[in-house]
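Q: Pasting in a structure now, in structure tokens, and then I'll have a few things to ask.
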Amino acid sequence: MLLLDTFRGGVHISDFNPDISDAFAPERGQYISSRILLKYLNHSKDSREKKLILTSVDLATPVLSYIFGEAQLNGHLAIVSSFRLHEELYSGEPNRDLYEQRLQKEVLHELGHNFGLLHCKDWECVMHSSSIIEEVDLRGGYYCKKCRSAIRHHLC
Ligand SMILES: [Zn+2]
Ligand SMILES: [Zn+2]
């Protein structure tokens, strides 16, 4: 898996079932991601640990009609939703490879924010901003040289 390659095996995947019911906004039928982040903010014992919640529910913010994910800048917690990454939603045809690519890009992107990265101007870089699925597909699946060295700096 790309994620494991990128972080040299320093990744632990666990079955974490957060109770996100209080983040649900019934008038929108979506979950407000910042409420979830706020709730689990102090869940890490190790201050160097980054935790990413992967969810299948549709996420939004009070001002954005949907988001693929959100992360604390220079923090410990991120969240990614797979809800809008399924190709069925756009073309009606499932595409497992494309879905996995999108998911990996979103995970790397939000983790990048945890490592202090801002949006990158380089379209080849996974830290390029994306608010629609076409932009997710257009951007590359890896950190550019500049972003990679910033992460390394953050880890020192
Ligand atoms: Zn971002
Ligand atoms: Zn970059």
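All residue names refer to the structure tokens as shown: chains lettered A, B, ... in order, residues numbered from 1 in each chain, ligands numbered from 1 in order.
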Can you tell me which residues surround Arg96 (chain A) at a distance of at most 12 Å, considering only C-alpha atoms, apart from same-chain residues fewer than 6 positions away, and format the answer as a PDB file with N, CA and C atoms, in the first residue's frame?
A:
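Okay, this is what ended up in out-v7.pdb:
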ATOM      1  N   LEU A  85     -15.714   9.501  -3.023  1.00  0.00           N
ATOM      2  CA  LEU A  85     -14.575   9.030  -3.809  1.00  0.00           C
ATOM      3  C   LEU A  85     -14.966   7.868  -4.725  1.00  0.00           C
ATOM      4  N   HIS A  86     -16.184   7.361  -4.549  1.00  0.00           N
ATOM      5  CA  HIS A  86     -16.653   6.253  -5.382  1.00  0.00           C
ATOM      6  C   HIS A  86     -17.005   6.751  -6.776  1.00  0.00           C
ATOM      7  N   GLU A  87     -16.461   6.096  -7.786  1.00  0.00           N
ATOM      8  CA  GLU A  87     -16.704   6.515  -9.168  1.00  0.00           C
ATOM      9  C   GLU A  87     -18.176   6.329  -9.577  1.00  0.00           C
ATOM     10  N   GLU A  88     -18.870   5.395  -8.954  1.00  0.00           N
ATOM     11  CA  GLU A  88     -20.300   5.192  -9.257  1.00  0.00           C
ATOM     12  C   GLU A  88     -21.089   6.491  -9.140  1.00  0.00           C
ATOM     13  N   ARG A 102      -7.871   7.531  -5.246  1.00  0.00           N
ATOM     14  CA  ARG A 102      -8.454   8.737  -4.630  1.00  0.00           C
ATOM     15  C   ARG A 102      -8.325   8.684  -3.111  1.00  0.00           C
ATOM     16  N   LEU A 103      -8.604   7.523  -2.556  1.00  0.00           N
ATOM     17  CA  LEU A 103      -8.549   7.363  -1.102  1.00  0.00           C
ATOM     18  C   LEU A 103      -7.119   7.587  -0.599  1.00  0.00           C
TER      19      LEU A 103
END
Q: Around ligand 1, at most 8 Å away and counting only C-alpha atoms and all ligand atoms, which residues are there? Put them as a PyMOL selection string, please.
A: chain A and resi 69-71+109-110+113+118-119+127-130
Q: Using only C-alpha atoms and all ligand atoms, find the one residue out of A:Asp15, A:Asp46, A:Asp22, A:Glu124 that sits nearest to ligand 2.
A: A:Glu124
Q: Within 7 Å of ligand 2, counting only C-alpha atoms and all ligand atoms, which protein or nucleic acid residues do you find, written as a compact mmCIF listing (two decimals) with C-alpha atoms, in the first residue's frame?
A:
# COMPACT_ATOMS: atom_id res chain seq x y z
CA CYS A 120 1.13 23.24 -2.72
CA LYS A 121 1.06 24.96 -6.13
CA ASP A 122 2.52 21.90 -7.84
CA CYS A 125 1.94 17.07 -5.62
CA VAL A 126 -0.61 15.36 -3.42
CA MET A 127 -0.78 18.58 -1.35
CA HIS A 128 -2.38 20.52 -4.20
CA TYR A 143 4.44 14.58 -2.03
CA CYS A 144 6.67 16.77 -4.20
CA LYS A 145 10.32 17.20 -3.23
CA LYS A 146 9.62 20.41 -1.33
CA CYS A 147 6.73 18.94 0.67
Q: Quick check for you: according to DSSP on this backbone, which residues of region 64-125 of chain A are classed as alpha helix (DSSP H)? Reply as a VMD selection string.
A: chain A and resid 88 to 91 96 to 114
Q: Just the selected residues (C-alpha atoms), exported as a PDB file, in the first residue's frame, please.
A:
ATOM      1  CA  GLU A  88     -20.300   5.192  -9.257  1.00  0.00           C
ATOM      2  CA  LEU A  89     -21.354   8.563  -7.920  1.00  0.00           C
ATOM      3  CA  TYR A  90     -20.024  10.381 -11.018  1.00  0.00           C
ATOM      4  CA  SER A  91     -20.151   8.062 -14.014  1.00  0.00           C
ATOM      5  CA  ARG A  96     -12.031   0.059  -7.755  1.00  0.00           C
ATOM      6  CA  ASP A  97      -8.534   1.202  -8.852  1.00  0.00           C
ATOM      7  CA  LEU A  98      -9.615   4.810  -9.223  1.00  0.00           C
ATOM      8  CA  TYR A  99     -11.391   4.682  -5.853  1.00  0.00           C
ATOM      9  CA  GLU A 100      -8.265   3.366  -4.126  1.00  0.00           C
ATOM     10  CA  GLN A 101      -6.083   6.005  -5.782  1.00  0.00           C
ATOM     11  CA  ARG A 102      -8.454   8.737  -4.630  1.00  0.00           C
ATOM     12  CA  LEU A 103      -8.549   7.363  -1.102  1.00  0.00           C
ATOM     13  CA  GLN A 104      -4.767   7.165  -0.858  1.00  0.00           C
ATOM     14  CA  LYS A 105      -4.397  10.696  -2.196  1.00  0.00           C
ATOM     15  CA  GLU A 106      -6.870  12.041   0.343  1.00  0.00           C
ATOM     16  CA  VAL A 107      -5.196  10.217   3.224  1.00  0.00           C
ATOM     17  CA  LEU A 108      -1.742  11.508   2.226  1.00  0.00           C
ATOM     18  CA  HIS A 109      -3.164  15.009   1.715  1.00  0.00           C
ATOM     19  CA  GLU A 110      -4.795  15.280   5.142  1.00  0.00           C
ATOM     20  CA  LEU A 111      -1.814  13.691   6.886  1.00  0.00           C
ATOM     21  CA  GLY A 112       0.333  16.278   5.117  1.00  0.00           C
ATOM     22  CA  HIS A 113      -1.632  19.023   6.883  1.00  0.00           C
ATOM     23  CA  ASN A 114      -0.971  17.218  10.187  1.00  0.00           C
TER      24      ASN A 114
END
Q: When you draw a straight line from CA of Leu41 (chain A) to CA of Pro18 (chain A), how long is it in Å?
A: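 CA of Pro18 (chain A) lies 11.9 Å from CA of Leu41 (chain A).
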Q: Can you tell me, as a VMD selection string, which residues in chain A count as strand (DSSP E) by DSSP?
A: chain A and resid 24 to 25 30 to 32 51 to 55 59 to 60 69 to 71 77 to 81
Q: Selection from above, C-alpha atoms, as a PDB file, in the first residue's frame, can you write it?
A:
ATOM      1  CA  PHE A  24     -24.769  14.611  12.474  1.00  0.00           C
ATOM      2  CA  ALA A  25     -26.639  17.596  11.073  1.00  0.00           C
ATOM      3  CA  GLN A  30     -24.355  15.041   6.634  1.00  0.00           C
ATOM      4  CA  TYR A  31     -21.767  15.005   9.390  1.00  0.00           C
ATOM      5  CA  ILE A  32     -19.915  18.171  10.417  1.00  0.00           C
ATOM      6  CA  LYS A  51      -4.251   9.687  13.909  1.00  0.00           C
ATOM      7  CA  LEU A  52      -6.507   9.578  10.878  1.00  0.00           C
ATOM      8  CA  ILE A  53     -10.151   8.615  11.078  1.00  0.00           C
ATOM      9  CA  LEU A  54     -11.383   6.945   7.909  1.00  0.00           C
ATOM     10  CA  THR A  55     -15.138   7.114   7.536  1.00  0.00           C
ATOM     11  CA  LEU A  59     -18.683  15.092   5.605  1.00  0.00           C
ATOM     12  CA  ALA A  60     -19.349  18.822   5.408  1.00  0.00           C
ATOM     13  CA  GLY A  69     -11.447  15.376   4.472  1.00  0.00           C
ATOM     14  CA  GLU A  70     -10.164  17.745   7.093  1.00  0.00           C
ATOM     15  CA  ALA A  71      -7.084  17.902   9.273  1.00  0.00           C
ATOM     16  CA  LEU A  77      -5.820  14.344  14.002  1.00  0.00           C
ATOM     17  CA  ALA A  78      -7.288  14.093  10.525  1.00  0.00           C
ATOM     18  CA  ILE A  79     -10.405  12.658   8.979  1.00  0.00           C
ATOM     19  CA  VAL A  80     -11.071  11.384   5.454  1.00  0.00           C
ATOM     20  CA  SER A  81     -14.395  10.352   4.007  1.00  0.00           C
TER      21      SER A  81
END
